[in-house]
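One file, run_18.cif, carrying mmCIF, C-alpha atoms:
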```cif
data_work
loop_
_atom_site.label_atom_id
_atom_site.label_comp_id
_atom_site.auth_asym_id
_atom_site.auth_seq_id
_atom_site.Cartn_x
_atom_site.Cartn_y
_atom_site.Cartn_z
CA MET A 1 -109.19 51.33 -128.40
CA LYS A 2 -109.27 54.80 -129.92
CA ILE A 3 -110.45 55.08 -133.52
CA ALA A 4 -110.27 58.38 -135.42
CA ILE A 5 -112.62 58.66 -138.39
CA ALA A 6 -111.21 61.11 -140.94
CA SER A 7 -111.43 62.03 -144.62
CA GLY A 8 -109.51 64.16 -147.05
CA LYS A 9 -112.62 66.05 -148.13
CA GLY A 10 -116.03 66.83 -146.74
CA GLY A 11 -119.15 64.96 -147.79
CA THR A 12 -117.59 61.51 -148.09
CA GLY A 13 -119.76 59.93 -145.38
CA LYS A 14 -117.33 60.28 -142.48
CA THR A 15 -119.98 61.10 -139.88
CA THR A 16 -122.27 58.42 -141.29
CA VAL A 17 -119.60 55.79 -140.65
CA ALA A 18 -118.58 57.24 -137.27
CA THR A 19 -122.08 57.43 -135.77
CA ASN A 20 -123.19 54.05 -137.05
CA LEU A 21 -119.96 52.38 -135.92
CA ALA A 22 -120.30 53.83 -132.43
CA LEU A 23 -123.91 52.71 -132.07
CA ALA A 24 -123.18 49.23 -133.46
CA ALA A 25 -120.39 48.82 -130.91
CA MET A 26 -122.71 49.86 -128.08
CA ARG A 27 -125.28 47.30 -129.20
CA ARG A 28 -122.58 44.64 -129.05
CA GLY A 29 -122.23 45.40 -125.36
CA LEU A 30 -119.10 47.55 -125.58
CA ARG A 31 -118.62 50.70 -123.52
CA VAL A 32 -118.40 53.37 -126.20
CA SER A 33 -117.72 57.11 -126.36
CA TYR A 34 -118.33 59.29 -129.39
CA PHE A 35 -116.51 62.62 -129.74
CA ASP A 36 -117.69 65.00 -132.46
CA CYS A 37 -114.42 66.79 -133.18
CA ASP A 38 -115.73 68.52 -136.31
CA VAL A 39 -116.29 71.59 -134.14
CA GLU A 40 -116.96 74.00 -137.01
CA GLU A 41 -119.88 71.90 -138.24
CA PRO A 42 -120.79 69.27 -135.63
CA ASN A 43 -123.71 67.13 -136.79
CA GLY A 44 -123.32 63.76 -135.09
CA HIS A 45 -126.05 64.75 -132.63
CA LEU A 46 -128.58 64.91 -135.47
CA PHE A 47 -128.31 61.14 -135.85
CA LEU A 48 -127.41 59.87 -132.37
CA LYS A 49 -129.91 62.24 -130.68
CA PRO A 50 -128.13 62.32 -127.30
CA GLN A 51 -129.57 63.57 -124.05
CA ILE A 52 -127.26 66.50 -123.23
CA THR A 53 -126.50 66.73 -119.51
CA THR A 54 -123.61 69.21 -119.30
CA SER A 55 -122.62 72.34 -121.21
CA GLN A 56 -119.53 74.36 -120.49
CA SER A 57 -117.64 77.22 -122.07
CA ALA A 58 -114.21 76.48 -123.52
CA THR A 59 -111.70 79.30 -123.13
CA LEU A 60 -108.14 80.30 -123.93
CA PRO A 61 -106.00 82.83 -122.03
CA HIS A 62 -105.47 86.04 -124.00
CA PRO A 63 -103.35 89.07 -123.01
CA ILE A 64 -104.52 92.43 -121.75
CA VAL A 65 -102.16 95.36 -121.26
CA ALA A 66 -102.09 97.84 -118.38
CA GLU A 67 -100.97 100.96 -120.22
CA SER A 68 -99.99 102.66 -116.94
CA LEU A 69 -97.26 100.02 -116.44
CA CYS A 70 -96.20 99.67 -120.08
CA THR A 71 -92.91 101.23 -121.18
CA HIS A 72 -93.58 100.41 -124.86
CA CYS A 73 -90.35 98.48 -125.16
CA GLY A 74 -91.82 96.28 -127.90
CA GLN A 75 -90.58 92.95 -126.49
CA CYS A 76 -94.10 91.49 -126.49
CA GLY A 77 -94.48 92.12 -130.21
CA GLU A 78 -91.04 90.72 -130.96
CA ILE A 79 -91.76 87.36 -129.32
CA CYS A 80 -95.22 86.93 -130.85
CA GLN A 81 -94.91 85.01 -134.12
CA PHE A 82 -98.52 85.67 -135.09
CA SER A 83 -98.69 89.46 -134.61
CA ALA A 84 -101.40 89.03 -132.01
CA ILE A 85 -99.82 91.83 -129.97
CA VAL A 86 -97.87 94.74 -131.44
CA CYS A 87 -96.43 97.96 -130.07
CA VAL A 88 -97.15 100.95 -132.29
CA GLY A 89 -95.55 104.11 -130.97
CA GLN A 90 -96.97 104.68 -127.50
CA LYS A 91 -99.83 102.20 -127.93
CA VAL A 92 -100.03 98.40 -127.61
CA LEU A 93 -102.60 96.71 -129.83
CA VAL A 94 -103.95 93.23 -129.03
CA TYR A 95 -105.73 91.00 -131.58
CA PRO A 96 -107.33 88.09 -129.65
CA GLU A 97 -108.40 86.29 -132.83
CA LEU A 98 -104.72 85.83 -133.75
CA CYS A 99 -103.52 84.80 -130.29
CA HIS A 100 -102.31 81.22 -129.81
CA ALA A 101 -102.32 81.52 -126.01
CA CYS A 102 -98.63 80.71 -125.61
CA GLY A 103 -98.14 83.23 -122.79
CA GLY A 104 -94.85 84.46 -124.24
CA CYS A 105 -95.78 88.13 -124.20
CA ALA A 106 -96.56 88.10 -120.47
CA LEU A 107 -93.37 86.15 -119.82
CA VAL A 108 -91.04 88.68 -121.48
CA CYS A 109 -92.76 91.86 -120.29
CA PRO A 110 -90.17 93.55 -118.01
CA THR A 111 -92.73 95.58 -116.03
CA GLY A 112 -95.51 93.04 -115.57
CA ALA A 113 -97.90 95.14 -117.63
CA ILE A 114 -99.36 92.11 -119.40
CA THR A 115 -101.81 89.76 -117.71
CA GLU A 116 -104.08 87.11 -119.20
CA VAL A 117 -107.86 86.76 -119.16
CA ALA A 118 -110.07 83.89 -120.28
CA HIS A 119 -111.38 84.37 -123.82
CA PRO A 120 -114.32 82.11 -124.88
CA ILE A 121 -113.68 80.02 -127.99
CA GLY A 122 -116.67 77.69 -127.99
CA ILE A 123 -118.98 75.33 -126.12
CA ILE A 124 -118.40 71.73 -125.05
CA GLN A 125 -121.46 69.57 -124.41
CA THR A 126 -121.63 66.04 -123.06
CA GLY A 127 -124.42 63.54 -122.60
CA SER A 128 -125.46 60.02 -123.52
CA VAL A 129 -127.50 57.98 -125.96
CA ALA A 130 -129.75 55.37 -124.37
CA GLY A 131 -130.25 51.97 -125.98
CA THR A 132 -129.96 48.24 -125.44
CA ASP A 133 -127.19 45.73 -126.11
CA LYS A 134 -127.46 42.41 -127.91
CA THR A 135 -128.85 40.74 -124.77
CA GLY A 136 -131.60 43.33 -124.41
CA SER A 137 -129.97 44.90 -121.36
CA PRO A 138 -129.92 48.71 -121.03
CA ALA A 139 -126.84 50.35 -122.58
CA ALA A 140 -125.62 53.88 -123.07
CA LEU A 141 -123.27 55.51 -125.54
CA ARG A 142 -121.35 58.42 -124.07
CA PHE A 143 -121.42 61.54 -126.22
CA ALA A 144 -119.37 64.74 -126.43
CA LYS A 145 -119.28 67.52 -128.99
CA GLY A 146 -117.63 70.89 -129.38
CA THR A 147 -119.12 73.90 -131.16
CA LEU A 148 -116.71 76.62 -132.22
CA ARG A 149 -117.74 80.18 -131.46
CA ILE A 150 -118.72 82.24 -134.49
CA SER A 151 -115.81 84.45 -135.63
CA GLN A 152 -113.28 82.23 -133.84
CA ALA A 153 -110.51 81.45 -136.32
CA MET A 154 -108.77 78.46 -134.72
CA SER A 155 -110.57 75.22 -133.98
CA THR A 156 -107.56 73.18 -132.77
CA PRO A 157 -107.62 74.40 -129.12
CA LEU A 158 -111.32 73.54 -128.83
CA ILE A 159 -110.74 70.05 -130.25
CA ARG A 160 -107.92 69.55 -127.75
CA GLN A 161 -110.15 70.53 -124.83
CA LEU A 162 -113.00 68.37 -126.14
CA LYS A 163 -110.78 65.29 -126.24
CA GLU A 164 -109.73 65.94 -122.64
CA GLN A 165 -113.29 65.33 -121.44
CA ASP A 166 -113.39 62.36 -119.09
CA LEU A 167 -116.39 60.31 -120.19
CA GLY A 168 -115.32 57.26 -118.23
CA HIS A 169 -113.43 54.10 -119.09
CA ASP A 170 -114.33 52.77 -122.54
CA ASP A 171 -113.77 49.75 -124.72
CA LEU A 172 -113.99 51.98 -127.79
CA ALA A 173 -113.65 55.74 -128.29
CA VAL A 174 -114.69 57.10 -131.70
CA PHE A 175 -113.34 60.51 -132.74
CA ASP A 176 -115.29 62.04 -135.63
CA CYS A 177 -112.60 64.35 -137.05
CA PRO A 178 -112.84 67.42 -139.30
CA PRO A 179 -112.23 66.91 -143.03
CA GLY A 180 -108.91 67.81 -144.64
CA ALA A 181 -105.29 67.30 -143.59
CA SER A 182 -104.48 70.44 -141.60
CA CYS A 183 -103.88 71.20 -137.90
CA PRO A 184 -107.46 70.44 -136.72
CA VAL A 185 -107.25 66.97 -138.26
CA ILE A 186 -103.86 66.31 -136.67
CA GLU A 187 -105.31 67.24 -133.28
CA GLY A 188 -108.29 64.98 -133.95
CA VAL A 189 -106.19 61.90 -134.77
CA ARG A 190 -103.64 62.49 -132.00
CA GLY A 191 -103.45 59.50 -129.66
CA ALA A 192 -105.51 57.22 -131.91
CA ASN A 193 -104.77 53.52 -132.33
CA LEU A 194 -106.04 53.68 -135.90
CA VAL A 195 -107.23 56.31 -138.37
CA LEU A 196 -110.13 55.06 -140.47
CA LEU A 197 -110.23 57.09 -143.69
CA VAL A 198 -113.58 57.39 -145.44
CA THR A 199 -113.26 58.24 -149.12
CA GLU A 200 -115.30 58.20 -152.30
CA PRO A 201 -114.28 56.91 -155.75
CA THR A 202 -114.07 60.29 -157.48
CA PRO A 203 -111.05 62.28 -158.75
CA PHE A 204 -111.48 64.78 -155.91
CA GLY A 205 -111.90 62.02 -153.35
CA LEU A 206 -108.75 60.22 -154.51
CA ASN A 207 -106.69 63.42 -154.65
CA ASP A 208 -107.62 64.38 -151.08
CA LEU A 209 -107.12 60.81 -149.89
CA ARG A 210 -103.55 60.99 -151.18
CA LEU A 211 -102.92 64.21 -149.26
CA THR A 212 -104.31 62.79 -146.03
CA VAL A 213 -102.37 59.55 -146.38
CA GLU A 214 -99.13 61.53 -146.84
CA THR A 215 -99.87 63.48 -143.66
CA LEU A 216 -100.65 60.38 -141.61
CA GLN A 217 -97.58 58.56 -142.92
CA THR A 218 -95.44 61.50 -141.81
CA LEU A 219 -96.98 61.15 -138.35
CA GLY A 220 -96.45 57.39 -138.37
CA LEU A 221 -100.13 56.63 -137.78
CA PRO A 222 -101.68 53.29 -138.80
CA MET A 223 -104.63 53.65 -141.13
CA ALA A 224 -107.31 51.78 -143.02
CA VAL A 225 -109.82 52.85 -145.68
CA VAL A 226 -113.57 52.59 -146.20
CA ILE A 227 -114.82 53.41 -149.71
CA ASN A 228 -118.26 55.01 -149.62
CA ARG A 229 -120.57 54.98 -152.63
CA ALA A 230 -118.44 52.18 -154.03
CA GLY A 231 -118.82 51.04 -157.63
CA GLU A 232 -116.89 50.45 -160.83
CA GLU A 233 -115.06 53.77 -160.39
CA GLU A 234 -113.27 52.56 -157.26
CA ILE A 235 -110.51 50.74 -159.18
CA GLU A 236 -108.06 53.66 -158.96
CA THR A 237 -108.72 54.09 -155.24
CA ARG A 238 -108.11 50.41 -154.58
CA SER A 239 -104.94 50.50 -156.67
CA PHE A 240 -103.64 53.48 -154.68
CA CYS A 241 -104.37 51.81 -151.33
CA GLN A 242 -102.69 48.61 -152.47
CA SER A 243 -99.58 50.54 -153.54
CA LYS A 244 -99.38 52.11 -150.06
CA GLY A 245 -100.14 48.89 -148.19
CA ILE A 246 -103.32 50.33 -146.69
CA PRO A 247 -106.09 47.81 -145.96
CA ILE A 248 -109.54 48.51 -147.36
CA LEU A 249 -112.03 47.35 -144.76
CA ALA A 250 -115.19 47.78 -146.77
CA GLY A 251 -116.88 49.22 -149.81
CA ILE A 252 -120.26 50.75 -149.01
CA ALA A 253 -122.63 50.44 -151.95
CA ASP A 254 -124.21 53.55 -153.44
CA ASP A 255 -127.64 52.81 -152.01
CA ARG A 256 -130.39 55.42 -152.26
CA ARG A 257 -131.91 54.12 -149.02
CA VAL A 258 -128.82 55.25 -147.09
CA ALA A 259 -129.20 58.80 -148.45
CA GLU A 260 -132.92 58.77 -147.66
CA ALA A 261 -132.26 57.68 -144.07
CA TYR A 262 -129.58 60.35 -143.76
CA SER A 263 -131.96 63.06 -145.01
CA ARG A 264 -134.46 62.04 -142.32
CA GLY A 265 -131.82 62.20 -139.60
CA GLU A 266 -131.96 58.42 -139.16
CA LEU A 267 -129.12 55.95 -138.81
CA ALA A 268 -128.60 53.75 -141.85
CA LEU A 269 -127.72 50.99 -139.40
CA ASP A 270 -131.45 50.58 -138.71
CA ALA A 271 -132.81 51.47 -142.15
CA VAL A 272 -130.63 49.40 -144.50
CA PRO A 273 -129.72 45.76 -143.61
CA SER A 274 -126.81 45.60 -146.06
CA PHE A 275 -125.30 48.74 -144.53
CA ARG A 276 -125.66 47.26 -141.05
CA GLN A 277 -123.78 44.15 -142.19
CA THR A 278 -120.94 46.31 -143.57
CA ILE A 279 -120.62 48.24 -140.29
CA GLU A 280 -120.61 44.98 -138.34
CA GLU A 281 -117.78 43.65 -140.54
CA ILE A 282 -115.74 46.80 -139.93
CA LEU A 283 -116.32 46.51 -136.18
CA SER A 284 -115.28 42.85 -136.20
CA TRP A 285 -112.03 43.71 -138.02
CA LEU A 286 -111.27 46.43 -135.50
CA ARG A 287 -111.83 44.13 -132.52
CA GLN A 288 -109.60 41.43 -134.00
CA THR A 289 -106.74 43.83 -134.74
CA ASP A 290 -104.09 44.43 -132.09
CA LEU A 291 -103.25 48.13 -132.33
CA GLU A 292 -100.97 50.29 -130.19
CA PRO A 293 -101.54 54.03 -129.69
CA SER A 294 -99.59 56.35 -131.97
CA LEU A 295 -98.77 60.06 -131.68
CA PRO A 296 -99.10 60.14 -127.86
CA GLU A 297 -101.55 62.50 -126.16
CA SER A 298 -98.65 64.43 -124.64
CA GLU A 299 -97.16 65.32 -128.02
CA ALA A 300 -97.71 68.93 -128.96
CA THR A 301 -99.99 69.83 -131.83
CA PRO A 302 -99.83 73.16 -133.63
CA SER A 303 -102.79 75.48 -133.28
#
```

I need this file expressed as structure tokens, please.
Amino acid sequence: MKIAIASGKGGTGKTTVATNLALAAMRRGLRVSYFDCDVEEPNGHLFLKPQITTSQSATLPHPIVAESLCTHCGQCGEICQFSAIVCVGQKVLVYPELCHACGGCALVCPTGAITEVAHPIGIIQTGSVAGTDKTGSPAALRFAKGTLRISQAMSTPLIRQLKEQDLGHDDLAVFDCPPGASCPVIEGVRGANLVLLVTEPTPFGLNDLRLTVETLQTLGLPMAVVINRAGEEEIETRSFCQSKGIPILAGIADDRRVAEAYSRGELALDAVPSFRQTIEEILSWLRQTDLEPSLPESEATPS
């Protein structure tokens, strides 16, 4: 089962739910993988503390132009929808930060003046988190994260390459997605059986939840909601979810001990018993629900 953990806005507790859910599943004896797809600000490692075993550069092909072969016909600039390559007089200018690596410019060049070279966009690291399952036997949670290169504008290609990492066969794969409802989020939820939306009962939280729900409904993705820092203010959020037919799996109480554990880089699963019970209830619901994959892995996602 593939579960994408997402949120309309940052700071709702998305990574808190994702990391604790992954570890709780491992302790139940499940084979679990955790993918930190929030490549602009990955922080799942601060809590899971994995042993990193591999690190590799992620790249995209970008064009270079051999001026000696170029006739300055301008066809490369005409096909590029993002102005990553333009012909100005007798000079071709290339802007790698705008390139979407479609290869169209090289394809249409009549003289073969354009070739492609690998351009680094970030780093992908993999490893594992050692622990024990409910029987006391050794267990390991597989871990992968991407870190976007500074100055790199597009995170979607890195998320795509991160999700292609083969961490082995799993009972549960948890994708900790970026916040928002744009292209990086769509890439993060692609192929998921369920998108678990973490929200907070505030006007901003509800507004961004609405936007994300609209996006996921357009994609035809099944979803459920977890309300973090739940309290009396959650009435509007619950009313919205009920109107959309979205199940609310849990309301996590606004407990200072959870924030204190978070500030120490500790998992609330171990620090707060009531939080552990909530995570276990979410995990039980997921295991009892028969879900089919949506938005297949082969379906294209915009960069």

Pairwise distance, CA of Ala84 in chain A with CA of Gly112 in chain A, equals 17.9 Å

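Candidate residues A:Ala173, A:Met154, A:Leu249, A:Ile235 were compared for distance to Ala22 in chain A, and the nearest is A:Ala173, using only C-alpha atoms.
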
Between CA of Thr156 in chain A and CA of Ala144 in chain A, distance in Å (one decimal):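 Result for CA of Thr156 in chain A versus CA of Ala144 in chain A: 15.8 Å, one decimal.
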
Contacts of Val225 in chain A at 10 Å or less, counting only C-alpha atoms, minus same-chain residues fewer than 6 places along, as an mmCIF file with C-alpha atoms, in the coordinates of the input?
```
data_model
loop_
_atom_site.group_PDB
_atom_site.id
_atom_site.type_symbol
_atom_site.label_atom_id
_atom_site.label_comp_id
_atom_site.auth_asym_id
_atom_site.auth_seq_id
_atom_site.Cartn_x
_atom_site.Cartn_y
_atom_site.Cartn_z
ATOM 1 C CA ILE A 5 -112.620 58.660 -138.390
ATOM 2 C CA ALA A 6 -111.210 61.110 -140.940
ATOM 3 C CA SER A 7 -111.430 62.030 -144.620
ATOM 4 C CA VAL A 195 -107.230 56.310 -138.370
ATOM 5 C CA LEU A 196 -110.130 55.060 -140.470
ATOM 6 C CA LEU A 197 -110.230 57.090 -143.690
ATOM 7 C CA VAL A 198 -113.580 57.390 -145.440
ATOM 8 C CA THR A 199 -113.260 58.240 -149.120
ATOM 9 C CA LEU A 209 -107.120 60.810 -149.890
ATOM 10 C CA THR A 237 -108.720 54.090 -155.240
ATOM 11 C CA ARG A 238 -108.110 50.410 -154.580
ATOM 12 C CA CYS A 241 -104.370 51.810 -151.330
ATOM 13 C CA ILE A 246 -103.320 50.330 -146.690
ATOM 14 C CA PRO A 247 -106.090 47.810 -145.960
ATOM 15 C CA ILE A 248 -109.540 48.510 -147.360
ATOM 16 C CA LEU A 249 -112.030 47.350 -144.760
ATOM 17 C CA ALA A 250 -115.190 47.780 -146.770
ATOM 18 C CA GLY A 251 -116.880 49.220 -149.810
#
```

task: Name the closest residue to Leu167 in chain A among the candidates A:Arg210, A:Ala18, A:Phe143, A:Leu269; distances are taken between atoms, counting all atoms listed in the file.
output: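 Of the candidates, the smallest distance to Leu167 in chain A is held by A:Phe143.
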
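Near range 48-56 of chain A, within 9 Å and counting all atoms listed in the file, sit A:Thr19, A:Asn20, A:Leu23, A:Gly122, A:Ile123, A:Ile124, A:Gln125, A:Thr126, A:Gly127, A:Ser128, A:Val129, A:Ala130, A:Leu141, A:Arg142, A:Phe143, A:Ala144, A:Gly265, A:Glu266, A:Leu267; same-chain residues fewer than 6 positions away were not included.
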
Item to complete: Could you expand the PyMOL selection byres ((chain A and resi 9) around 6) into the explicit residues it covers here, written as a PyMOL selection string?
Response: chain A and resi 7-8+10+179-180

Restrict the output to range 166-249 of chain A and C-alpha atoms, then write it as a compact mmCIF listing (two decimals), in the first residue's frame.
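As a result, selection-v3.txt now contains:
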```
# COMPACT_ATOMS: atom_id res chain seq x y z
CA ASP A 166 13.99 0.63 -5.46
CA LEU A 167 14.03 0.10 -1.70
CA GLY A 168 12.68 -3.42 -1.95
CA HIS A 169 9.23 -4.94 -1.65
CA ASP A 170 7.14 -3.28 1.06
CA ASP A 171 3.87 -3.71 2.87
CA LEU A 172 3.64 0.06 3.26
CA ALA A 173 5.34 2.96 1.48
CA VAL A 174 4.91 6.40 3.05
CA PHE A 175 5.51 9.46 0.85
CA ASP A 176 6.01 12.64 2.86
CA CYS A 177 4.95 15.22 0.24
CA PRO A 178 5.66 18.96 -0.06
CA PRO A 179 2.97 21.35 1.19
CA GLY A 180 0.60 23.10 -1.20
CA ALA A 181 -1.34 21.94 -4.26
CA SER A 182 1.07 22.57 -7.14
CA CYS A 183 3.14 20.35 -9.45
CA PRO A 184 5.53 19.01 -6.75
CA VAL A 185 2.56 17.81 -4.71
CA ILE A 186 0.97 16.14 -7.73
CA GLU A 187 4.22 14.29 -8.37
CA GLY A 188 4.37 13.30 -4.71
CA VAL A 189 0.85 11.80 -4.63
CA ARG A 190 1.15 10.12 -8.04
CA GLY A 191 0.56 6.37 -7.77
CA ALA A 192 -0.73 6.52 -4.19
CA ASN A 193 -3.54 4.33 -2.92
CA LEU A 194 -4.62 7.08 -0.55
CA VAL A 195 -3.70 10.69 0.19
CA LEU A 196 -3.79 11.44 3.91
CA LEU A 197 -4.30 15.19 4.36
CA VAL A 198 -3.03 16.73 7.59
CA THR A 199 -4.73 20.01 8.43
CA GLU A 200 -5.22 22.36 11.35
CA PRO A 201 -8.47 24.02 12.52
CA THR A 202 -7.57 27.58 11.50
CA PRO A 203 -8.94 29.81 8.72
CA PHE A 204 -5.70 29.41 6.76
CA GLY A 205 -5.66 25.67 7.33
CA LEU A 206 -9.25 25.26 6.12
CA ASN A 207 -8.71 27.50 3.08
CA ASP A 208 -5.66 25.53 1.94
CA LEU A 209 -7.39 22.23 2.69
CA ARG A 210 -10.17 23.26 0.30
CA LEU A 211 -7.64 24.01 -2.44
CA THR A 212 -5.87 20.68 -1.99
CA VAL A 213 -9.12 18.73 -1.91
CA GLU A 214 -10.19 20.36 -5.20
CA THR A 215 -6.89 19.34 -6.78
CA LEU A 216 -7.11 15.74 -5.57
CA GLN A 217 -10.74 15.44 -6.65
CA THR A 218 -9.73 16.58 -10.15
CA LEU A 219 -7.13 13.81 -10.15
CA GLY A 220 -9.64 11.27 -8.85
CA LEU A 221 -7.52 10.38 -5.82
CA PRO A 222 -9.07 8.90 -2.66
CA MET A 223 -8.32 10.90 0.46
CA ALA A 224 -8.79 11.07 4.21
CA VAL A 225 -8.08 13.79 6.78
CA VAL A 226 -6.24 14.05 10.08
CA ILE A 227 -6.89 17.21 12.11
CA ASN A 228 -3.82 18.27 14.07
CA ARG A 229 -4.06 20.50 17.13
CA ALA A 230 -7.74 19.62 17.28
CA GLY A 231 -10.12 21.51 19.56
CA GLU A 232 -13.36 23.45 19.59
CA GLU A 233 -12.32 25.34 16.44
CA GLU A 234 -12.42 22.19 14.31
CA ILE A 235 -16.19 22.34 13.73
CA GLU A 236 -15.87 24.11 10.37
CA THR A 237 -13.20 21.67 9.19
CA ARG A 238 -15.36 18.69 10.13
CA SER A 239 -18.37 20.25 8.41
CA PHE A 240 -16.35 20.77 5.21
CA CYS A 241 -15.07 17.19 5.21
CA GLN A 242 -18.56 15.84 5.80
CA SER A 243 -19.91 17.89 2.88
CA LYS A 244 -17.24 16.38 0.61
CA GLY A 245 -17.63 12.84 1.92
CA ILE A 246 -14.05 12.75 3.18
CA PRO A 247 -13.43 10.55 6.23
CA ILE A 248 -11.68 12.10 9.22
CA LEU A 249 -9.43 9.43 10.67
```
